[in-house]
Each structure stands twice: as structure tokens, then as C-alpha cells.
>>> print(open('protein38.txt').read())   # compact mmCIF, N, CA and C atoms
# COMPACT_ATOMS: atom_id res chain seq x y z
N ILE A 295 0.87 -1.16 0.00
CA ILE A 295 0.00 0.00 0.00
C ILE A 295 0.91 1.21 0.00
N ASP A 296 0.68 2.11 -0.90
CA ASP A 296 1.55 3.27 -1.04
C ASP A 296 0.72 4.51 -1.36
N SER A 297 0.78 5.51 -0.50
CA SER A 297 0.12 6.81 -0.73
C SER A 297 -1.37 6.68 -0.99
N SER A 298 -2.06 5.91 -0.17
CA SER A 298 -3.49 5.73 -0.39
C SER A 298 -4.22 5.73 0.94
N SER A 299 -5.54 5.73 0.86
CA SER A 299 -6.40 5.66 2.04
C SER A 299 -7.35 4.48 1.88
N LEU A 300 -6.81 3.34 1.69
CA LEU A 300 -7.56 2.11 1.51
C LEU A 300 -8.33 1.74 2.78
N ILE A 301 -9.58 1.25 2.61
CA ILE A 301 -10.35 0.72 3.73
C ILE A 301 -10.72 -0.71 3.39
N LEU A 302 -10.30 -1.65 4.25
CA LEU A 302 -10.63 -3.07 4.08
C LEU A 302 -11.42 -3.52 5.30
N GLY A 303 -12.54 -4.19 5.06
CA GLY A 303 -13.35 -4.70 6.15
C GLY A 303 -13.78 -6.12 5.89
N ASN A 304 -13.86 -6.90 6.98
CA ASN A 304 -14.32 -8.29 6.91
C ASN A 304 -13.56 -9.09 5.86
N CYS A 305 -12.25 -8.98 5.86
CA CYS A 305 -11.43 -9.67 4.87
C CYS A 305 -10.52 -10.69 5.54
N ILE A 306 -10.03 -11.61 4.74
CA ILE A 306 -9.06 -12.60 5.20
C ILE A 306 -7.81 -12.45 4.34
N ILE A 307 -6.69 -12.22 5.00
CA ILE A 307 -5.39 -12.13 4.32
C ILE A 307 -4.60 -13.32 4.83
N LYS A 308 -4.46 -14.33 3.96
CA LYS A 308 -3.98 -15.63 4.42
C LYS A 308 -3.00 -16.26 3.43
N ASN A 309 -1.99 -16.96 4.00
CA ASN A 309 -1.03 -17.75 3.21
C ASN A 309 -0.23 -16.93 2.20
N ASN A 310 0.17 -15.74 2.60
CA ASN A 310 1.01 -14.91 1.75
C ASN A 310 2.43 -14.90 2.29
N GLY A 311 3.37 -14.48 1.47
CA GLY A 311 4.75 -14.43 1.90
C GLY A 311 5.50 -13.28 1.27
N SER A 312 6.58 -12.87 1.95
CA SER A 312 7.42 -11.81 1.44
C SER A 312 8.89 -12.17 1.68
N GLY A 313 9.70 -11.90 0.70
CA GLY A 313 11.14 -12.09 0.85
C GLY A 313 11.78 -10.94 1.61
N ASN A 314 10.95 -9.99 2.02
CA ASN A 314 11.43 -8.83 2.76
C ASN A 314 10.51 -8.61 3.96
N ASN A 315 9.87 -7.46 4.08
CA ASN A 315 8.97 -7.14 5.18
C ASN A 315 7.51 -7.24 4.75
N GLY A 316 6.63 -7.56 5.71
CA GLY A 316 5.19 -7.55 5.43
C GLY A 316 4.70 -8.76 4.67
N GLY A 317 4.58 -9.89 5.36
CA GLY A 317 4.10 -11.10 4.68
C GLY A 317 2.68 -10.97 4.17
N GLY A 318 1.79 -10.40 4.99
CA GLY A 318 0.40 -10.20 4.56
C GLY A 318 0.22 -8.87 3.86
N VAL A 319 0.69 -7.80 4.50
CA VAL A 319 0.55 -6.43 3.98
C VAL A 319 1.80 -5.64 4.35
N ALA A 320 2.33 -4.88 3.41
CA ALA A 320 3.42 -3.94 3.68
C ALA A 320 2.93 -2.54 3.35
N ILE A 321 2.98 -1.67 4.34
CA ILE A 321 2.53 -0.29 4.18
C ILE A 321 3.77 0.59 4.25
N VAL A 322 4.09 1.25 3.14
CA VAL A 322 5.32 2.05 3.09
C VAL A 322 5.03 3.45 2.57
N ARG A 323 5.88 4.35 2.98
CA ARG A 323 5.76 5.72 2.50
C ARG A 323 6.87 5.98 1.50
N LYS A 324 6.51 6.40 0.34
CA LYS A 324 7.50 6.78 -0.67
C LYS A 324 7.98 8.19 -0.38
N SER A 325 8.94 8.65 -1.12
CA SER A 325 9.50 9.97 -0.88
C SER A 325 8.74 11.07 -1.61
N VAL A 326 7.43 10.87 -1.76
CA VAL A 326 6.58 11.87 -2.41
C VAL A 326 6.12 12.87 -1.34
N PRO A 327 6.28 14.17 -1.57
CA PRO A 327 5.84 15.14 -0.57
C PRO A 327 4.36 14.97 -0.24
N ASP A 328 4.02 15.14 1.03
CA ASP A 328 2.64 15.02 1.52
C ASP A 328 2.04 13.64 1.31
N SER A 329 2.87 12.65 1.12
CA SER A 329 2.41 11.28 0.95
C SER A 329 2.36 10.61 2.33
N CYS A 330 1.19 10.15 2.74
CA CYS A 330 1.08 9.48 4.02
C CYS A 330 -0.02 8.42 3.92
N PRO A 331 0.35 7.18 3.64
CA PRO A 331 -0.65 6.12 3.58
C PRO A 331 -1.41 6.01 4.90
N ARG A 332 -2.75 5.92 4.82
CA ARG A 332 -3.61 5.82 5.99
C ARG A 332 -4.63 4.69 5.83
N PRO A 333 -4.16 3.48 5.63
CA PRO A 333 -5.12 2.38 5.43
C PRO A 333 -5.87 2.04 6.72
N VAL A 334 -7.08 1.53 6.56
CA VAL A 334 -7.92 1.12 7.69
C VAL A 334 -8.29 -0.35 7.49
N PHE A 335 -8.07 -1.15 8.52
CA PHE A 335 -8.44 -2.56 8.51
C PHE A 335 -9.46 -2.78 9.62
N ILE A 336 -10.65 -3.24 9.27
CA ILE A 336 -11.72 -3.45 10.25
C ILE A 336 -12.19 -4.89 10.18
N ASN A 337 -12.13 -5.57 11.31
CA ASN A 337 -12.62 -6.95 11.41
C ASN A 337 -11.98 -7.86 10.36
N CYS A 338 -10.68 -7.75 10.19
CA CYS A 338 -9.95 -8.58 9.24
C CYS A 338 -9.19 -9.68 9.97
N ARG A 339 -8.86 -10.72 9.25
CA ARG A 339 -8.07 -11.82 9.81
C ARG A 339 -6.79 -11.96 9.00
N PHE A 340 -5.65 -11.92 9.69
CA PHE A 340 -4.33 -12.11 9.09
C PHE A 340 -3.83 -13.46 9.59
N GLU A 341 -3.74 -14.41 8.68
CA GLU A 341 -3.44 -15.78 9.10
C GLU A 341 -2.40 -16.45 8.22
N SER A 342 -1.43 -17.09 8.87
CA SER A 342 -0.41 -17.92 8.20
C SER A 342 0.36 -17.18 7.12
N ASN A 343 0.68 -15.92 7.38
CA ASN A 343 1.53 -15.14 6.48
C ASN A 343 2.96 -15.20 7.00
N THR A 344 3.94 -15.11 6.10
CA THR A 344 5.34 -15.20 6.51
C THR A 344 6.16 -14.08 5.86
N ALA A 345 7.19 -13.64 6.57
CA ALA A 345 8.10 -12.64 6.04
C ALA A 345 9.53 -13.00 6.43
N VAL A 346 10.45 -12.84 5.50
CA VAL A 346 11.85 -13.07 5.79
C VAL A 346 12.36 -11.97 6.73
N GLY A 347 11.84 -10.77 6.57
CA GLY A 347 12.23 -9.64 7.43
C GLY A 347 11.32 -9.52 8.64
N ASN A 348 10.60 -8.40 8.73
CA ASN A 348 9.74 -8.10 9.87
C ASN A 348 8.28 -8.02 9.46
N GLY A 349 7.38 -8.23 10.44
CA GLY A 349 5.95 -8.06 10.20
C GLY A 349 5.32 -9.18 9.40
N GLY A 350 5.06 -10.30 10.04
CA GLY A 350 4.44 -11.42 9.33
C GLY A 350 3.05 -11.09 8.81
N GLY A 351 2.22 -10.48 9.65
CA GLY A 351 0.87 -10.09 9.24
C GLY A 351 0.87 -8.74 8.55
N ILE A 352 1.39 -7.73 9.27
CA ILE A 352 1.45 -6.36 8.74
C ILE A 352 2.81 -5.75 9.10
N TYR A 353 3.40 -5.09 8.13
CA TYR A 353 4.58 -4.25 8.35
C TYR A 353 4.20 -2.84 7.96
N TYR A 354 4.51 -1.86 8.81
CA TYR A 354 4.33 -0.47 8.39
C TYR A 354 5.55 0.35 8.72
N SER A 355 5.91 1.24 7.79
CA SER A 355 7.11 2.05 7.95
C SER A 355 6.77 3.40 8.57
N SER A 356 7.81 4.13 8.94
CA SER A 356 7.60 5.46 9.50
C SER A 356 6.91 6.34 8.46
N GLY A 357 6.12 7.26 8.94
CA GLY A 357 5.39 8.15 8.04
C GLY A 357 4.09 7.58 7.54
N THR A 358 3.66 6.45 8.09
CA THR A 358 2.37 5.87 7.72
C THR A 358 1.48 5.83 8.97
N ILE A 359 0.18 5.83 8.76
CA ILE A 359 -0.76 5.85 9.88
C ILE A 359 -1.85 4.80 9.65
N PRO A 360 -1.53 3.52 9.88
CA PRO A 360 -2.57 2.50 9.73
C PRO A 360 -3.51 2.49 10.94
N GLN A 361 -4.76 2.15 10.68
CA GLN A 361 -5.73 1.93 11.76
C GLN A 361 -6.14 0.46 11.69
N ILE A 362 -6.01 -0.22 12.79
CA ILE A 362 -6.29 -1.66 12.85
C ILE A 362 -7.32 -1.87 13.94
N LYS A 363 -8.55 -2.22 13.53
CA LYS A 363 -9.66 -2.31 14.48
C LYS A 363 -10.28 -3.70 14.46
N ALA A 364 -10.33 -4.34 15.62
CA ALA A 364 -10.99 -5.64 15.79
C ALA A 364 -10.50 -6.69 14.81
N CYS A 365 -9.19 -6.74 14.59
CA CYS A 365 -8.59 -7.71 13.68
C CYS A 365 -7.94 -8.85 14.48
N ASP A 366 -7.87 -10.02 13.87
CA ASP A 366 -7.22 -11.18 14.47
C ASP A 366 -5.94 -11.50 13.72
N PHE A 367 -4.91 -11.88 14.48
CA PHE A 367 -3.62 -12.28 13.91
C PHE A 367 -3.34 -13.69 14.39
N ILE A 368 -3.30 -14.62 13.44
CA ILE A 368 -3.20 -16.04 13.77
C ILE A 368 -2.04 -16.68 13.01
N SER A 369 -1.10 -17.26 13.72
CA SER A 369 -0.02 -18.07 13.15
C SER A 369 0.77 -17.39 12.04
N ASN A 370 1.04 -16.10 12.19
CA ASN A 370 1.94 -15.41 11.26
C ASN A 370 3.36 -15.58 11.78
N SER A 371 4.35 -15.61 10.87
CA SER A 371 5.72 -15.85 11.30
C SER A 371 6.72 -15.00 10.53
N VAL A 372 7.86 -14.76 11.17
CA VAL A 372 8.94 -13.96 10.58
C VAL A 372 10.29 -14.51 10.99
N ASN A 373 11.31 -14.13 10.25
CA ASN A 373 12.69 -14.39 10.68
C ASN A 373 13.18 -13.23 11.52
N GLY A 374 12.53 -12.07 11.39
CA GLY A 374 12.93 -10.87 12.13
C GLY A 374 12.06 -10.64 13.35
N LYS A 375 11.39 -9.49 13.38
CA LYS A 375 10.58 -9.10 14.53
C LYS A 375 9.11 -8.93 14.14
N GLY A 376 8.22 -9.15 15.10
CA GLY A 376 6.80 -8.87 14.90
C GLY A 376 6.07 -9.89 14.06
N GLY A 377 5.81 -11.05 14.63
CA GLY A 377 5.06 -12.07 13.89
C GLY A 377 3.71 -11.57 13.41
N GLY A 378 3.00 -10.83 14.26
CA GLY A 378 1.70 -10.28 13.88
C GLY A 378 1.84 -8.94 13.19
N ILE A 379 2.43 -7.97 13.91
CA ILE A 379 2.56 -6.59 13.40
C ILE A 379 3.96 -6.07 13.77
N TYR A 380 4.55 -5.34 12.85
CA TYR A 380 5.79 -4.64 13.14
C TYR A 380 5.71 -3.25 12.56
N GLY A 381 5.92 -2.23 13.41
CA GLY A 381 5.92 -0.85 12.96
C GLY A 381 7.29 -0.22 13.17
N LYS A 382 7.77 0.46 12.16
CA LYS A 382 9.08 1.11 12.21
C LYS A 382 8.87 2.61 12.35
N GLU A 383 9.52 3.19 13.34
CA GLU A 383 9.41 4.64 13.53
C GLU A 383 10.58 5.36 12.94
>>> encode(input="protein38.txt", output="C-alpha cells")
Amino acid sequence: IDSSSLILGNCIIKNNGSGNNGGGVAIVRKSVPDSCPRPVFINCRFESNTAVGNGGGIYYSSGTIPQIKACDFISNSVNGKGGGIYGKE
């Protein structure tokens, strides 16, 4: 997700993988002025996602503002940090 205001509700993000960060979802800010991704996840399930880096379910970088409401994180895994969620400041 890059420079957007995506809203996802009642979704399942399952069995995904990344060779870097964010097995299920990676939210990053590009170097575009006034760019600030603000995705919203409501009642979503992040399950069995994997990342070689950080954030098995969700990874978000500095300069992003995700909202995560009533979501479940089940059996996500990483080689780094944050099996469910990892946020970088």
C-alpha cells in the first residue's frame, strides 16, 4: 500500500509471503511530498503469512498511519521481529 487511504473490512489475508517485510501487507511511505498512507483494517483476519524480514501479518514504515480495528492475527511468522505486526518509527 503506497500513498493511499484504503479501507478493508471483513477480509481474510492468508497464506502470503514476502522475501522482505510484510508477509500479509506492507505499508510504506514513498519519498513523495505530503504522501502518508492511511489504510484502515476493520474486522480482518491475518493468518499464516510469513516474512523473511519483519511483520508477518502487517509491516508499516515510519510516516504511515494504519488503523487496525478488531482484527485477528493467527499463526503469522517472521525471521525478524513482529510475527503479527511490526511498525518502524
>>> closest_residue(input="protein38.txt", among="A:Pro333, A:Gly351, A:Gly381, A:Gly303", to="Gly318 (chain A)", atoms="all atoms listed in the file")
A:Gly351
>>> closest_residue(input="protein38.txt", among="A:Ile336, A:Cys305, A:Ile352, A:Ile362", to="Gly317 (chain A)", atoms="only C-alpha atoms")
A:Ile352
>>> select_by_dssp(input="protein38.txt", residues="chain A", states="strand (DSSP E or B)", output="number ranges by chain")
A: 296, 301-303, 306-308, 311-312, 319-322, 334-336, 339-341, 344-345, 352-354, 361-363, 366-368, 371-372, 379-381
>>> closest_residue(input="protein38.txt", among="A:Val334, A:Val322, A:Ala345, A:Ile307", to="Lys363 (chain A)", atoms="only C-alpha atoms")
A:Val334
>>> closest_residue(input="protein38.txt", among="A:Asn304, A:Asn310, A:Asn337, A:Ser299", to="Ala364 (chain A)", atoms="only C-alpha atoms")
A:Asn337
>>> closest_residue(input="protein38.txt", among="A:Val319, A:Ser329, A:Lys324, A:Gln361", to="Glu341 (chain A)", atoms="only C-alpha atoms")
A:Val319
>>> closest_residue(input="protein38.txt", among="A:Ile321, A:Ile379, A:Leu300, A:Ile368", to="Phe335 (chain A)", atoms="all atoms listed in the file")
A:Leu300
>>> atom_distance(input="protein38.txt", atom1="CA of Cys330 (chain A)", atom2="CA of Asn370 (chain A)")
25.9 Å
>>> atom_distance(input="protein38.txt", atom1="CA of Val346 (chain A)", atom2="CA of Ile359 (chain A)")
23.1 Å
>>> atom_distance(input="protein38.txt", atom1="atom N of Tyr354 (chain A)", atom2="CA of Glu383 (chain A)")
9.4 Å
>>> build_atoms(input="protein38.txt", residues="region 323-337 of chain A", atoms="N, CA, C and O atoms", output="PDB file, keeping the file's coordinate frame")
ATOM      1  N   ARG A 323       5.880   4.350   2.980  1.00  0.00           N
ATOM      2  CA  ARG A 323       5.760   5.720   2.500  1.00  0.00           C
ATOM      3  C   ARG A 323       6.870   5.980   1.500  1.00  0.00           C
ATOM      4  O   ARG A 323       8.050   5.778   1.807  1.00  0.00           O
ATOM      5  N   LYS A 324       6.510   6.400   0.340  1.00  0.00           N
ATOM      6  CA  LYS A 324       7.500   6.780  -0.670  1.00  0.00           C
ATOM      7  C   LYS A 324       7.980   8.190  -0.380  1.00  0.00           C
ATOM      8  O   LYS A 324       7.446   8.875   0.471  1.00  0.00           O
ATOM      9  N   SER A 325       8.940   8.650  -1.120  1.00  0.00           N
ATOM     10  CA  SER A 325       9.500   9.970  -0.880  1.00  0.00           C
ATOM     11  C   SER A 325       8.740  11.070  -1.610  1.00  0.00           C
ATOM     12  O   SER A 325       9.292  12.061  -2.033  1.00  0.00           O
ATOM     13  N   VAL A 326       7.430  10.870  -1.760  1.00  0.00           N
ATOM     14  CA  VAL A 326       6.580  11.870  -2.410  1.00  0.00           C
ATOM     15  C   VAL A 326       6.120  12.870  -1.340  1.00  0.00           C
ATOM     16  O   VAL A 326       5.624  12.462  -0.289  1.00  0.00           O
ATOM     17  N   PRO A 327       6.280  14.170  -1.570  1.00  0.00           N
ATOM     18  CA  PRO A 327       5.840  15.140  -0.570  1.00  0.00           C
ATOM     19  C   PRO A 327       4.360  14.970  -0.240  1.00  0.00           C
ATOM     20  O   PRO A 327       3.541  14.679  -1.103  1.00  0.00           O
ATOM     21  N   ASP A 328       4.020  15.140   1.030  1.00  0.00           N
ATOM     22  CA  ASP A 328       2.640  15.020   1.520  1.00  0.00           C
ATOM     23  C   ASP A 328       2.040  13.640   1.310  1.00  0.00           C
ATOM     24  O   ASP A 328       0.821  13.486   1.292  1.00  0.00           O
ATOM     25  N   SER A 329       2.870  12.650   1.120  1.00  0.00           N
ATOM     26  CA  SER A 329       2.410  11.280   0.950  1.00  0.00           C
ATOM     27  C   SER A 329       2.360  10.610   2.330  1.00  0.00           C
ATOM     28  O   SER A 329       3.371  10.528   3.009  1.00  0.00           O
ATOM     29  N   CYS A 330       1.190  10.150   2.740  1.00  0.00           N
ATOM     30  CA  CYS A 330       1.080   9.480   4.020  1.00  0.00           C
ATOM     31  C   CYS A 330      -0.020   8.420   3.920  1.00  0.00           C
ATOM     32  O   CYS A 330      -1.200   8.729   4.056  1.00  0.00           O
ATOM     33  N   PRO A 331       0.350   7.180   3.640  1.00  0.00           N
ATOM     34  CA  PRO A 331      -0.650   6.120   3.580  1.00  0.00           C
ATOM     35  C   PRO A 331      -1.410   6.010   4.900  1.00  0.00           C
ATOM     36  O   PRO A 331      -0.814   6.019   5.970  1.00  0.00           O
ATOM     37  N   ARG A 332      -2.750   5.920   4.820  1.00  0.00           N
ATOM     38  CA  ARG A 332      -3.610   5.820   5.990  1.00  0.00           C
ATOM     39  C   ARG A 332      -4.630   4.690   5.830  1.00  0.00           C
ATOM     40  O   ARG A 332      -5.832   4.933   5.879  1.00  0.00           O
ATOM     41  N   PRO A 333      -4.160   3.480   5.630  1.00  0.00           N
ATOM     42  CA  PRO A 333      -5.120   2.380   5.430  1.00  0.00           C
ATOM     43  C   PRO A 333      -5.870   2.040   6.720  1.00  0.00           C
ATOM     44  O   PRO A 333      -5.356   2.228   7.828  1.00  0.00           O
ATOM     45  N   VAL A 334      -7.080   1.530   6.560  1.00  0.00           N
ATOM     46  CA  VAL A 334      -7.920   1.120   7.690  1.00  0.00           C
ATOM     47  C   VAL A 334      -8.290  -0.350   7.490  1.00  0.00           C
ATOM     48  O   VAL A 334      -8.764  -0.729   6.413  1.00  0.00           O
ATOM     49  N   PHE A 335      -8.070  -1.150   8.520  1.00  0.00           N
ATOM     50  CA  PHE A 335      -8.440  -2.560   8.510  1.00  0.00           C
ATOM     51  C   PHE A 335      -9.460  -2.780   9.620  1.00  0.00           C
ATOM     52  O   PHE A 335      -9.162  -2.513  10.788  1.00  0.00           O
ATOM     53  N   ILE A 336     -10.650  -3.240   9.270  1.00  0.00           N
ATOM     54  CA  ILE A 336     -11.720  -3.450  10.250  1.00  0.00           C
ATOM     55  C   ILE A 336     -12.190  -4.890  10.180  1.00  0.00           C
ATOM     56  O   ILE A 336     -12.606  -5.367   9.117  1.00  0.00           O
ATOM     57  N   ASN A 337     -12.130  -5.570  11.310  1.00  0.00           N
ATOM     58  CA  ASN A 337     -12.620  -6.950  11.410  1.00  0.00           C
ATOM     59  C   ASN A 337     -11.980  -7.860  10.360  1.00  0.00           C
ATOM     60  O   ASN A 337     -12.676  -8.638   9.698  1.00  0.00           O
TER      61      ASN A 337
END
